[in-house]
Amino acid sequence: MLLRETVRQSAGPGTLILVLTCASAGAGLALPAVLGRALDLVLARRQSDATPWITWCALLTAAAVLIAALESAVTATATARSAAWLRRRVLGHVLDAGPQHPCSEGELVARLTGNAAQAATVPVSIAGALAAVVTPVGGLVALALTDLWTALVVLAGMPLFAVLLRVFVRGSGASSAGYLHTQGQIAGRLLEAVRGARTIAAAGHPERDAARILAPLPELSRQGHRMWQVLGRSTAQAAVLLPLLQLAVLAVAGLRLARGDLSVGGLLAAWRYASLATGTGALVGMVNTLTRGRTAVARLQEVLAAPVVPYGSGELPVGTGELTMRGVVHGPLRGVDLTLPGGAVVAVVGRSGSGKSALAAVAGRLADPESGTVLLDGVPLSSLTRTQLRRAVGYAFARPVLLGGTVGATIAYGAHDPGEPAVVAAARSACADDFVRRMPAGYATPCASAPLSGGEAQRLGLARAFAHPGRLLILDDATSSLDSATELKVSGALLRGAGTHLIVAHRASTAARADLVVWLEEGRPRAVAPHRELVRLADYRAVFAEGEEAC
């Protein structure tokens, strides 16, 4: 469970915070007794006897200040490290789980940032809450040792405090969960809007999308007001009860003083200990932080509930990249049985929704089929190690994400570093070398400083795939933004490359250059044959974009 893991990894700093807080509480508990004793000696005009006690008062005060400063530093450091650990833990799981997540990308970002920061406070909050109990309990014990009757007055009011704390925890937990959930919804919609900024601008109604993004704002406000109402109500109730108890203690202590059963210093100590025993503000604050932190941990735990992709320990034999599918069911795919010869260039065509991208996903194990088996050179993909699989299978996508920081690092990004010569050669094969060299710093140009067209971004994605040659290269609509001349050059590089190439194609010209065409219809292969044979069929010609002349 993530909560236990979070507390365990911060056990050292949490223990130190607990020790420091208890030491600070000890100094605070000793001070009233020492101060009362010093006051009695001063009133008795025994100045020489009072001096050591006054010195002790100064030392205890200084110690409390120094301990509080050290505690603050340790708390800040421990919280920051805990937040970093949580983010690494959850992000690693997200990457291991693949593209399937239990929430939107925007909400996932919100959980990894804000929620992780709140969850990181749990270890120190637990330590702080445990130590915060020391002060009121110690104050009650010290008050009983100072004067039993005043301690009984405080003890009589404790059940009310327990009820207030329980109501506060229950109300705070529910409102915190609602607040964080609504906050995640807004973050998700905001990320969608940032990605679709051009579409929003072209539509000419930015105010409509702003309204859509901020639609959950009233609910966020309601949950926020609810949190403050719970906190304010608890504070107000405590503000009424605490002074009444303290006045009752003073009244009883005054009567005891009048009867000679308590000294002036004893009355001062009794009043201070009563304040400490009823001073639950720190405890309430810690409980509030702990409640919000636990709610944030629960939201991170939901992300960790997504199953990770399991890998085997198998290795591939010597082979040419023969791809086999047996009874594959996945999304729109329905019982696909297929064998593609090693070293072939295979185009996958079909109408929208026929299962082209689903076939590309299961072919390289970006997704596991719901049933059936996918094999590469006779070995099930699920039995391979992660390293073996990713070295053997490469991908290029329609909208590649440029990772790596610089243009050169983007091309080199993959299961292994291919080296600079391979990066440049891959860029040439993808017709990207010319425009990369025209950039301000060439291959060292930061991606953020490189304005790219859709076709240029696709060429970098293709270069990345070419830089990591394996047995199987899958192009999922990866040439859709290229002009015909550039696509022809890239196709030539594919034909010269080794291994099997699986290309999701929308153009008849692409299918014509392939060795085989897999024609999908309603989730099943309708035919597997060369383009020159299939092009005679009217239904096949109708698959391609209207207006394009079939080759």
# chains A, B, ... in the order shown; residues from 1 in each chain; ligands from 1

call {"tool": "residues_around", "arguments": {"residues": "Ser176 in chain A", "least_positions_apart": "5", "cutoff": "7 Å", "atoms": "only C-alpha atoms", "output": "NGL selection string"}}
result
:A and (227 or 292 or 295)

call {"tool": "write_last_selection", "arguments": {"atoms": "N, CA, C and O atoms", "output": "PDB file, in the first residue's frame"}}
result
ATOM      1  N   MET A 227     -14.607  22.953   3.102  1.00  0.00           N
ATOM      2  CA  MET A 227     -13.417  22.695   3.917  1.00  0.00           C
ATOM      3  C   MET A 227     -13.221  23.789   4.959  1.00  0.00           C
ATOM      4  O   MET A 227     -12.953  23.520   6.131  1.00  0.00           O
ATOM      5  N   ARG A 292      -5.771  15.615   4.630  1.00  0.00           N
ATOM      6  CA  ARG A 292      -5.605  16.014   3.232  1.00  0.00           C
ATOM      7  C   ARG A 292      -4.527  15.178   2.547  1.00  0.00           C
ATOM      8  O   ARG A 292      -4.660  14.802   1.377  1.00  0.00           O
ATOM      9  N   THR A 295      -5.878  11.737   1.711  1.00  0.00           N
ATOM     10  CA  THR A 295      -6.755  11.815   0.538  1.00  0.00           C
ATOM     11  C   THR A 295      -5.927  11.878  -0.737  1.00  0.00           C
ATOM     12  O   THR A 295      -6.256  11.219  -1.748  1.00  0.00           O
TER      13      THR A 295
END

call {"tool": "residues_around", "arguments": {"residues": "Gly128 in chain A", "least_positions_apart": "2", "cutoff": "8 Å", "atoms": "only C-alpha atoms", "output": "PyMOL selection string"}}
result
chain A and resi 17-18+21+124-126+130-132+286

call {"tool": "atom_distance", "arguments": {"atom1": "CA of Val42 in chain A", "atom2": "CA of Ser263 in chain A"}}
result
12.5 Å

call {"tool": "closest_atom_pairs", "arguments": {"of": "range 61-129 of chain A", "to": "range 348-372 of chain A", "cutoff": "12 Å", "atoms": "only C-alpha atoms", "output": "JSON lines"}}
result
{"residue": "A:Leu95", "atom": "CA", "partner": "A:Leu366", "partner_atom": "CA", "distance": 11.6}
{"residue": "A:Asp96", "atom": "CA", "partner": "A:Leu366", "partner_atom": "CA", "distance": 11.1}
{"residue": "A:Ala97", "atom": "CA", "partner": "A:Ala367", "partner_atom": "CA", "distance": 9.9}
{"residue": "A:Gly98", "atom": "CA", "partner": "A:Leu366", "partner_atom": "CA", "distance": 7.2}
{"residue": "A:Pro99", "atom": "CA", "partner": "A:Leu366", "partner_atom": "CA", "distance": 7.8}
{"residue": "A:Gln100", "atom": "CA", "partner": "A:Ala367", "partner_atom": "CA", "distance": 8.8}

call {"tool": "select_by_dssp", "arguments": {"residues": "range 283-451 of chain A", "states": "strand (DSSP E)", "output": "VMD selection string"}}
result
chain A and resid 323 to 330 333 to 340 345 to 350 371 to 376 379 to 380 393 to 397

call {"tool": "residues_around", "arguments": {"residues": "Thr75 in chain A", "least_positions_apart": "3", "cutoff": "8 Å", "atoms": "only C-alpha atoms", "output": "list in words"}}
result
Pro13, Ile17, Glu71, Ser72, Ala78, Thr79 and Val124 of chain A

call {"tool": "closest_residue", "arguments": {"among": "A:Val517, A:Val374, A:Ala347, A:Ala27", "to": "Val504 in chain A", "atoms": "only C-alpha atoms"}}
result
A:Ala347

call {"tool": "residues_around", "arguments": {"residues": "Leu148 in chain A", "least_positions_apart": "3", "cutoff": "12 Å", "atoms": "only C-alpha atoms", "output": "list in words"}}
result
Leu140, Val141, Ala142, Leu143, Ala144, Leu145, Ala151, Leu152, Val153, Val154, Leu155, Val249, Val252, Ala253, Arg256, Asp261, Leu262, Gly266, Ala270, Tyr273 and Ala274 of chain A

call {"tool": "write_last_selection", "arguments": {"atoms": "C-alpha atoms", "output": "PDB file, in the first residue's frame"}}
result
ATOM      1  CA  LEU A 140      -2.575  17.273  32.027  1.00  0.00           C
ATOM      2  CA  VAL A 141      -0.131  15.036  33.922  1.00  0.00           C
ATOM      3  CA  ALA A 142       1.944  18.038  35.071  1.00  0.00           C
ATOM      4  CA  LEU A 143      -1.258  19.819  36.110  1.00  0.00           C
ATOM      5  CA  ALA A 144      -2.283  16.803  38.183  1.00  0.00           C
ATOM      6  CA  LEU A 145       1.112  16.813  39.879  1.00  0.00           C
ATOM      7  CA  ALA A 151      -6.569  18.672  36.594  1.00  0.00           C
ATOM      8  CA  LEU A 152     -10.002  17.138  37.232  1.00  0.00           C
ATOM      9  CA  VAL A 153     -11.631  20.280  35.804  1.00  0.00           C
ATOM     10  CA  VAL A 154      -9.667  19.897  32.546  1.00  0.00           C
ATOM     11  CA  LEU A 155     -10.290  16.154  32.430  1.00  0.00           C
ATOM     12  CA  VAL A 249      -9.127  26.162  36.134  1.00  0.00           C
ATOM     13  CA  VAL A 252     -10.486  26.551  41.169  1.00  0.00           C
ATOM     14  CA  ALA A 253      -6.805  27.512  41.415  1.00  0.00           C
ATOM     15  CA  ARG A 256      -7.030  26.804  46.321  1.00  0.00           C
ATOM     16  CA  ASP A 261      -3.309  24.997  49.344  1.00  0.00           C
ATOM     17  CA  LEU A 262      -1.544  26.570  46.348  1.00  0.00           C
ATOM     18  CA  GLY A 266       1.720  27.131  41.716  1.00  0.00           C
ATOM     19  CA  ALA A 270      -1.478  25.502  36.963  1.00  0.00           C
ATOM     20  CA  TYR A 273      -0.381  23.677  32.290  1.00  0.00           C
ATOM     21  CA  ALA A 274      -4.132  24.085  31.777  1.00  0.00           C
TER      22      ALA A 274
END

call {"tool": "residues_around", "arguments": {"residues": "Val134 in chain A", "least_positions_apart": "6", "cutoff": "10 Å", "atoms": "only C-alpha atoms", "output": "VMD selection string"}}
result
chain A and resid 21 to 23 25 to 26 29 128 140 276 to 277 283

call {"tool": "residues_around", "arguments": {"residues": "range 484-494 of chain A", "least_positions_apart": "3", "cutoff": "8 Å", "atoms": "only C-alpha atoms", "output": "JSON, numbers by chain"}}
result
{"A": [345, 429, 430, 431, 479, 497, 501, 510, 513]}

call {"tool": "write_last_selection", "arguments": {"atoms": "C-alpha atoms", "output": "PDB file, in the first residue's frame"}}
result
ATOM      1  CA  VAL A 345       7.249  -4.696 -46.589  1.00  0.00           C
ATOM      2  CA  SER A 429      17.189   8.240 -44.778  1.00  0.00           C
ATOM      3  CA  ALA A 430      14.157  10.091 -43.402  1.00  0.00           C
ATOM      4  CA  CYS A 431      14.902  13.208 -45.520  1.00  0.00           C
ATOM      5  CA  THR A 479       4.006   9.289 -43.476  1.00  0.00           C
ATOM      6  CA  GLY A 497      16.314  -1.626 -44.912  1.00  0.00           C
ATOM      7  CA  HIS A 501       8.152  -3.394 -42.208  1.00  0.00           C
ATOM      8  CA  THR A 510       2.138   3.409 -50.466  1.00  0.00           C
ATOM      9  CA  ARG A 513       5.236  -0.150 -53.201  1.00  0.00           C
TER      10      ARG A 513
END

call {"tool": "atom_distance", "arguments": {"atom1": "CA of Gly404 in chain A", "atom2": "CA of Ala467 in chain A"}}
result
14.0 Å

call {"tool": "closest_residue", "arguments": {"among": "A:Ala202, A:Leu472, A:Ala444, A:Ala68", "to": "Glu322 in chain A", "atoms": "only C-alpha atoms"}}
result
A:Leu472

call {"tool": "atom_distance", "arguments": {"atom1": "CA of Trp53 in chain A", "atom2": "CA of Gly260 in chain A"}}
result
23.2 Å
